[in-house]
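Colleague: Following this line is final.txt, made up of compact mmCIF, N, CA and C atoms:
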# COMPACT_ATOMS: atom_id res chain seq x y z
N MET A 856 -27.08 -26.82 -33.77
CA MET A 856 -26.99 -25.38 -33.70
C MET A 856 -28.31 -24.82 -33.17
N PRO A 857 -28.24 -23.95 -32.18
CA PRO A 857 -29.48 -23.40 -31.62
C PRO A 857 -30.18 -22.43 -32.58
N ASN A 858 -31.49 -22.37 -32.45
CA ASN A 858 -32.29 -21.48 -33.29
C ASN A 858 -32.60 -20.16 -32.62
N ILE A 859 -32.67 -20.16 -31.30
CA ILE A 859 -33.03 -18.96 -30.55
C ILE A 859 -31.84 -18.00 -30.50
N GLU A 860 -32.14 -16.73 -30.69
CA GLU A 860 -31.06 -15.73 -30.80
C GLU A 860 -30.19 -15.67 -29.55
N SER A 861 -30.81 -15.73 -28.38
CA SER A 861 -30.02 -15.66 -27.15
C SER A 861 -29.15 -16.90 -26.98
N ALA A 862 -29.63 -18.05 -27.44
CA ALA A 862 -28.83 -19.26 -27.36
C ALA A 862 -27.64 -19.20 -28.32
N ILE A 863 -27.86 -18.60 -29.49
CA ILE A 863 -26.77 -18.42 -30.45
C ILE A 863 -25.70 -17.52 -29.85
N LYS A 864 -26.13 -16.45 -29.22
CA LYS A 864 -25.18 -15.53 -28.59
C LYS A 864 -24.44 -16.22 -27.44
N ARG A 865 -25.14 -17.05 -26.70
CA ARG A 865 -24.52 -17.76 -25.58
C ARG A 865 -23.43 -18.71 -26.08
N VAL A 866 -23.68 -19.38 -27.20
CA VAL A 866 -22.67 -20.27 -27.78
C VAL A 866 -21.44 -19.47 -28.16
N ARG A 867 -21.66 -18.31 -28.81
CA ARG A 867 -20.54 -17.46 -29.22
C ARG A 867 -19.77 -16.96 -28.00
N THR A 868 -20.48 -16.54 -26.97
CA THR A 868 -19.84 -16.04 -25.76
C THR A 868 -19.04 -17.13 -25.06
N SER A 869 -19.62 -18.32 -24.97
CA SER A 869 -18.92 -19.39 -24.27
C SER A 869 -17.70 -19.87 -25.04
N GLU A 870 -17.74 -19.80 -26.38
CA GLU A 870 -16.55 -20.14 -27.16
C GLU A 870 -15.42 -19.15 -26.88
N ASN A 871 -15.76 -17.86 -26.82
CA ASN A 871 -14.74 -16.85 -26.52
C ASN A 871 -14.17 -17.04 -25.12
N ALA A 872 -15.03 -17.35 -24.16
CA ALA A 872 -14.57 -17.57 -22.80
C ALA A 872 -13.69 -18.80 -22.73
N ASN A 873 -14.03 -19.83 -23.49
CA ASN A 873 -13.25 -21.06 -23.49
C ASN A 873 -11.84 -20.80 -24.02
N VAL A 874 -11.73 -20.00 -25.06
CA VAL A 874 -10.41 -19.67 -25.62
C VAL A 874 -9.58 -18.91 -24.60
N LYS A 875 -10.20 -17.93 -23.96
CA LYS A 875 -9.48 -17.11 -22.98
C LYS A 875 -9.06 -17.95 -21.76
N ASN A 876 -9.97 -18.78 -21.28
CA ASN A 876 -9.67 -19.61 -20.11
C ASN A 876 -8.58 -20.63 -20.40
N SER A 877 -8.64 -21.25 -21.56
CA SER A 877 -7.63 -22.26 -21.87
C SER A 877 -6.25 -21.63 -22.06
N SER A 878 -6.19 -20.44 -22.61
CA SER A 878 -4.89 -19.79 -22.77
C SER A 878 -4.33 -19.37 -21.42
N GLN A 879 -5.20 -18.91 -20.53
CA GLN A 879 -4.76 -18.52 -19.18
C GLN A 879 -4.23 -19.75 -18.42
N THR A 880 -4.94 -20.87 -18.54
CA THR A 880 -4.51 -22.10 -17.87
C THR A 880 -3.20 -22.59 -18.46
N SER A 881 -3.06 -22.50 -19.76
CA SER A 881 -1.83 -22.92 -20.42
C SER A 881 -0.66 -22.05 -19.98
N ALA A 882 -0.89 -20.75 -19.85
CA ALA A 882 0.17 -19.85 -19.40
C ALA A 882 0.60 -20.18 -17.98
N MET A 883 -0.37 -20.55 -17.13
CA MET A 883 -0.05 -20.94 -15.76
C MET A 883 0.82 -22.19 -15.76
N ARG A 884 0.43 -23.19 -16.53
CA ARG A 884 1.19 -24.44 -16.58
C ARG A 884 2.59 -24.21 -17.13
N THR A 885 2.71 -23.33 -18.12
CA THR A 885 4.01 -23.03 -18.71
C THR A 885 4.92 -22.36 -17.69
N ALA A 886 4.37 -21.44 -16.91
CA ALA A 886 5.18 -20.75 -15.89
C ALA A 886 5.67 -21.74 -14.84
N VAL A 887 4.80 -22.66 -14.45
CA VAL A 887 5.19 -23.66 -13.44
C VAL A 887 6.27 -24.57 -14.00
N LYS A 888 6.11 -25.00 -15.25
CA LYS A 888 7.11 -25.89 -15.86
C LYS A 888 8.45 -25.20 -16.03
N LYS A 889 8.44 -23.91 -16.39
CA LYS A 889 9.69 -23.16 -16.51
C LYS A 889 10.41 -23.12 -15.17
N PHE A 890 9.64 -22.89 -14.10
CA PHE A 890 10.24 -22.85 -12.77
C PHE A 890 10.82 -24.20 -12.40
N GLU A 891 10.06 -25.27 -12.63
CA GLU A 891 10.53 -26.61 -12.27
C GLU A 891 11.78 -27.00 -13.06
N ASP A 892 11.83 -26.63 -14.34
CA ASP A 892 13.02 -26.91 -15.14
C ASP A 892 14.22 -26.14 -14.64
N ALA A 893 13.99 -24.88 -14.23
CA ALA A 893 15.09 -24.06 -13.71
C ALA A 893 15.63 -24.63 -12.40
N VAL A 894 14.74 -25.12 -11.55
CA VAL A 894 15.18 -25.72 -10.29
C VAL A 894 15.98 -26.98 -10.56
N ALA A 895 15.51 -27.79 -11.51
CA ALA A 895 16.19 -29.04 -11.83
C ALA A 895 17.58 -28.79 -12.42
N SER A 896 17.71 -27.74 -13.22
CA SER A 896 19.00 -27.47 -13.86
C SER A 896 19.89 -26.57 -13.01
N GLY A 897 19.35 -26.03 -11.93
CA GLY A 897 20.15 -25.17 -11.05
C GLY A 897 20.41 -23.80 -11.65
N ALA A 898 19.44 -23.24 -12.32
CA ALA A 898 19.60 -21.93 -12.95
C ALA A 898 19.67 -20.82 -11.91
N GLU A 899 20.12 -19.65 -12.35
CA GLU A 899 20.28 -18.52 -11.44
C GLU A 899 18.99 -17.73 -11.23
N ASN A 900 18.09 -17.76 -12.19
CA ASN A 900 16.88 -16.94 -12.11
C ASN A 900 15.70 -17.68 -11.49
N VAL A 901 15.97 -18.55 -10.54
CA VAL A 901 14.92 -19.36 -9.92
C VAL A 901 13.94 -18.48 -9.15
N ASP A 902 14.44 -17.47 -8.45
CA ASP A 902 13.56 -16.62 -7.65
C ASP A 902 12.57 -15.86 -8.52
N ALA A 903 13.05 -15.33 -9.63
CA ALA A 903 12.16 -14.59 -10.54
C ALA A 903 11.11 -15.52 -11.15
N LEU A 904 11.52 -16.72 -11.52
CA LEU A 904 10.58 -17.68 -12.09
C LEU A 904 9.58 -18.16 -11.05
N TYR A 905 10.02 -18.24 -9.79
CA TYR A 905 9.10 -18.62 -8.71
C TYR A 905 8.00 -17.57 -8.56
N LYS A 906 8.40 -16.30 -8.54
CA LYS A 906 7.42 -15.21 -8.41
C LYS A 906 6.45 -15.21 -9.59
N GLU A 907 6.99 -15.47 -10.77
CA GLU A 907 6.16 -15.50 -11.98
C GLU A 907 5.15 -16.66 -11.92
N ALA A 908 5.59 -17.82 -11.44
CA ALA A 908 4.71 -18.99 -11.36
C ALA A 908 3.63 -18.76 -10.31
N VAL A 909 3.99 -18.20 -9.17
CA VAL A 909 3.00 -17.93 -8.12
C VAL A 909 1.98 -16.91 -8.61
N LYS A 910 2.44 -15.90 -9.33
CA LYS A 910 1.53 -14.90 -9.86
C LYS A 910 0.56 -15.53 -10.85
N ALA A 911 1.06 -16.42 -11.70
CA ALA A 911 0.19 -17.09 -12.67
C ALA A 911 -0.84 -17.96 -11.97
N ILE A 912 -0.44 -18.64 -10.91
CA ILE A 912 -1.37 -19.48 -10.15
C ILE A 912 -2.43 -18.61 -9.49
N ASP A 913 -2.01 -17.50 -8.90
CA ASP A 913 -2.97 -16.60 -8.25
C ASP A 913 -3.95 -16.00 -9.25
N MET A 914 -3.47 -15.67 -10.44
CA MET A 914 -4.36 -15.12 -11.47
C MET A 914 -5.39 -16.16 -11.89
N ALA A 915 -4.95 -17.39 -12.06
CA ALA A 915 -5.88 -18.46 -12.46
C ALA A 915 -6.90 -18.71 -11.37
N GLU A 916 -6.46 -18.62 -10.12
CA GLU A 916 -7.39 -18.82 -9.00
C GLU A 916 -8.41 -17.68 -8.95
N SER A 917 -7.96 -16.45 -9.13
CA SER A 917 -8.87 -15.31 -9.03
C SER A 917 -9.90 -15.31 -10.15
N LYS A 918 -9.55 -15.89 -11.29
CA LYS A 918 -10.48 -15.95 -12.41
C LYS A 918 -11.37 -17.19 -12.36
N GLY A 919 -11.18 -18.03 -11.35
CA GLY A 919 -12.03 -19.21 -11.19
C GLY A 919 -11.62 -20.37 -12.07
N LEU A 920 -10.41 -20.36 -12.59
CA LEU A 920 -9.97 -21.46 -13.44
C LEU A 920 -9.54 -22.67 -12.63
N ILE A 921 -8.99 -22.42 -11.45
CA ILE A 921 -8.62 -23.51 -10.55
C ILE A 921 -9.18 -23.20 -9.17
N HIS A 922 -9.35 -24.23 -8.37
CA HIS A 922 -9.90 -24.09 -7.04
C HIS A 922 -8.87 -23.47 -6.09
N LYS A 923 -9.35 -22.83 -5.05
CA LYS A 923 -8.48 -22.18 -4.08
C LYS A 923 -7.52 -23.17 -3.43
N ASN A 924 -8.01 -24.35 -3.09
CA ASN A 924 -7.15 -25.34 -2.44
C ASN A 924 -6.07 -25.85 -3.40
N LYS A 925 -6.42 -26.01 -4.67
CA LYS A 925 -5.42 -26.44 -5.65
C LYS A 925 -4.35 -25.38 -5.81
N ALA A 926 -4.75 -24.13 -5.82
CA ALA A 926 -3.77 -23.05 -5.95
C ALA A 926 -2.81 -23.06 -4.76
N ASN A 927 -3.36 -23.20 -3.56
CA ASN A 927 -2.51 -23.23 -2.37
C ASN A 927 -1.60 -24.45 -2.37
N ARG A 928 -2.13 -25.59 -2.80
CA ARG A 928 -1.33 -26.82 -2.86
C ARG A 928 -0.19 -26.66 -3.86
N ASP A 929 -0.48 -26.09 -5.02
CA ASP A 929 0.56 -25.89 -6.04
C ASP A 929 1.64 -24.94 -5.55
N LYS A 930 1.22 -23.84 -4.91
CA LYS A 930 2.20 -22.87 -4.41
C LYS A 930 3.05 -23.49 -3.30
N SER A 931 2.45 -24.33 -2.49
CA SER A 931 3.20 -25.00 -1.43
C SER A 931 4.25 -25.93 -2.02
N ARG A 932 3.88 -26.65 -3.06
CA ARG A 932 4.83 -27.56 -3.69
C ARG A 932 5.98 -26.79 -4.34
N LEU A 933 5.67 -25.63 -4.92
CA LEU A 933 6.72 -24.83 -5.53
C LEU A 933 7.68 -24.30 -4.46
N SER A 934 7.12 -23.87 -3.34
CA SER A 934 7.98 -23.32 -2.29
C SER A 934 8.86 -24.42 -1.67
N LYS A 935 8.36 -25.65 -1.63
CA LYS A 935 9.19 -26.77 -1.16
C LYS A 935 10.37 -27.00 -2.10
N LYS A 936 10.11 -26.89 -3.40
CA LYS A 936 11.18 -27.11 -4.36
C LYS A 936 12.24 -26.02 -4.29
N ILE A 937 11.81 -24.80 -4.04
CA ILE A 937 12.79 -23.69 -3.98
C ILE A 937 13.59 -23.76 -2.67
N ALA A 938 13.03 -24.38 -1.64
CA ALA A 938 13.72 -24.47 -0.35
C ALA A 938 14.84 -25.51 -0.36
N LYS A 939 14.78 -26.45 -1.29
CA LYS A 939 15.81 -27.52 -1.32
C LYS A 939 17.14 -27.01 -1.80
Could you write out this file's structure as structure tokens?
Modeller:
Amino acid sequence: MPNIESAIKRVRTSENANVKNSSQTSAMRTAVKKFEDAVASGAENVDALYKEAVKAIDMAESKGLIHKNKANRDKSRLSKKIAK
């Protein structure tokens, strides 16, 4: 445990950021999985789930949780699945 006040605050701040970042990443993964399950089962709401998954990926990219190239690669893979 740090003794310096600013280091203590930094630990607290980074813990809060870690919670927020991990929940955002988890939400992105959940949206992608929902879309992939809907495509596999042939559900009717595939288009809405696709938009939701792309939005989640874009949000994660804009917040710096994933790299720009990974976001583009993921969106490309999703669009390939919806095209089939």
Colleague: How many Å lie between CA of Tyr905 (chain A) and atom N of Asn927 (chain A), rounded to one decimal?
Modeller: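 Calculated distance between CA of Tyr905 (chain A) and atom N of Asn927 (chain A) is 14.2 Å.
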Colleague: Need the shell around Met883 (chain A): protein/DNA/RNA residues with any atom at most 7 Å away, counting only N, CA and C atoms. Skip same-chain ones fewer than 3 positions apart. Format as a PyMOL selection string?
Modeller: chain A and resi 878-880+886-888+908+911-912
Colleague: Name the residues of region 883-921 of chain A that come out as alpha helix (DSSP H) in a backbone DSSP run; write them as a ChimeraX atom specification.
Modeller: /A:883-896,901-917
Colleague: I need every residue sitting at most 12 Å from the point (14.1, -24.3, -1.1) (coordinates as in the file, only C-alpha atoms considered), written as a PyMOL selection string.
Modeller: chain A and resi 891+894-895+897+901-902+905+931-939
Colleague: Please produce a file of those selected residues containing N, CA and C atoms, as a short mmCIF file (atom, residue, chain, number, x, y, z; two decimals), in the coordinates of the input.
Modeller:
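Saved to result_9.cif:
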data_model
loop_
_atom_site.label_atom_id
_atom_site.label_comp_id
_atom_site.auth_asym_id
_atom_site.auth_seq_id
_atom_site.Cartn_x
_atom_site.Cartn_y
_atom_site.Cartn_z
N GLU A 891 10.06 -25.27 -12.63
CA GLU A 891 10.53 -26.61 -12.27
C GLU A 891 11.78 -27.00 -13.06
N VAL A 894 14.74 -25.12 -11.55
CA VAL A 894 15.18 -25.72 -10.29
C VAL A 894 15.98 -26.98 -10.56
N ALA A 895 15.51 -27.79 -11.51
CA ALA A 895 16.19 -29.04 -11.83
C ALA A 895 17.58 -28.79 -12.42
N GLY A 897 19.35 -26.03 -11.93
CA GLY A 897 20.15 -25.17 -11.05
C GLY A 897 20.41 -23.80 -11.65
N VAL A 901 15.97 -18.55 -10.54
CA VAL A 901 14.92 -19.36 -9.92
C VAL A 901 13.94 -18.48 -9.15
N ASP A 902 14.44 -17.47 -8.45
CA ASP A 902 13.56 -16.62 -7.65
C ASP A 902 12.57 -15.86 -8.52
N TYR A 905 10.02 -18.24 -9.79
CA TYR A 905 9.10 -18.62 -8.71
C TYR A 905 8.00 -17.57 -8.56
N SER A 931 2.45 -24.33 -2.49
CA SER A 931 3.20 -25.00 -1.43
C SER A 931 4.25 -25.93 -2.02
N ARG A 932 3.88 -26.65 -3.06
CA ARG A 932 4.83 -27.56 -3.69
C ARG A 932 5.98 -26.79 -4.34
N LEU A 933 5.67 -25.63 -4.92
CA LEU A 933 6.72 -24.83 -5.53
C LEU A 933 7.68 -24.30 -4.46
N SER A 934 7.12 -23.87 -3.34
CA SER A 934 7.98 -23.32 -2.29
C SER A 934 8.86 -24.42 -1.67
N LYS A 935 8.36 -25.65 -1.63
CA LYS A 935 9.19 -26.77 -1.16
C LYS A 935 10.37 -27.00 -2.10
N LYS A 936 10.11 -26.89 -3.40
CA LYS A 936 11.18 -27.11 -4.36
C LYS A 936 12.24 -26.02 -4.29
N ILE A 937 11.81 -24.80 -4.04
CA ILE A 937 12.79 -23.69 -3.98
C ILE A 937 13.59 -23.76 -2.67
N ALA A 938 13.03 -24.38 -1.64
CA ALA A 938 13.72 -24.47 -0.35
C ALA A 938 14.84 -25.51 -0.36
N LYS A 939 14.78 -26.45 -1.29
CA LYS A 939 15.81 -27.52 -1.32
C LYS A 939 17.14 -27.01 -1.80
#
Colleague: How many Å separate atom C of Asp913 (chain A) from atom N of Glu899 (chain A)?
Modeller: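 For atom C of Asp913 (chain A) relative to atom N of Glu899 (chain A), the distance reads 24.5 Å.
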Colleague: In Å to one decimal, how far is CA of Leu904 (chain A) from CA of Lys889 (chain A)?
Modeller: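 So the answer is 7.1 Å.
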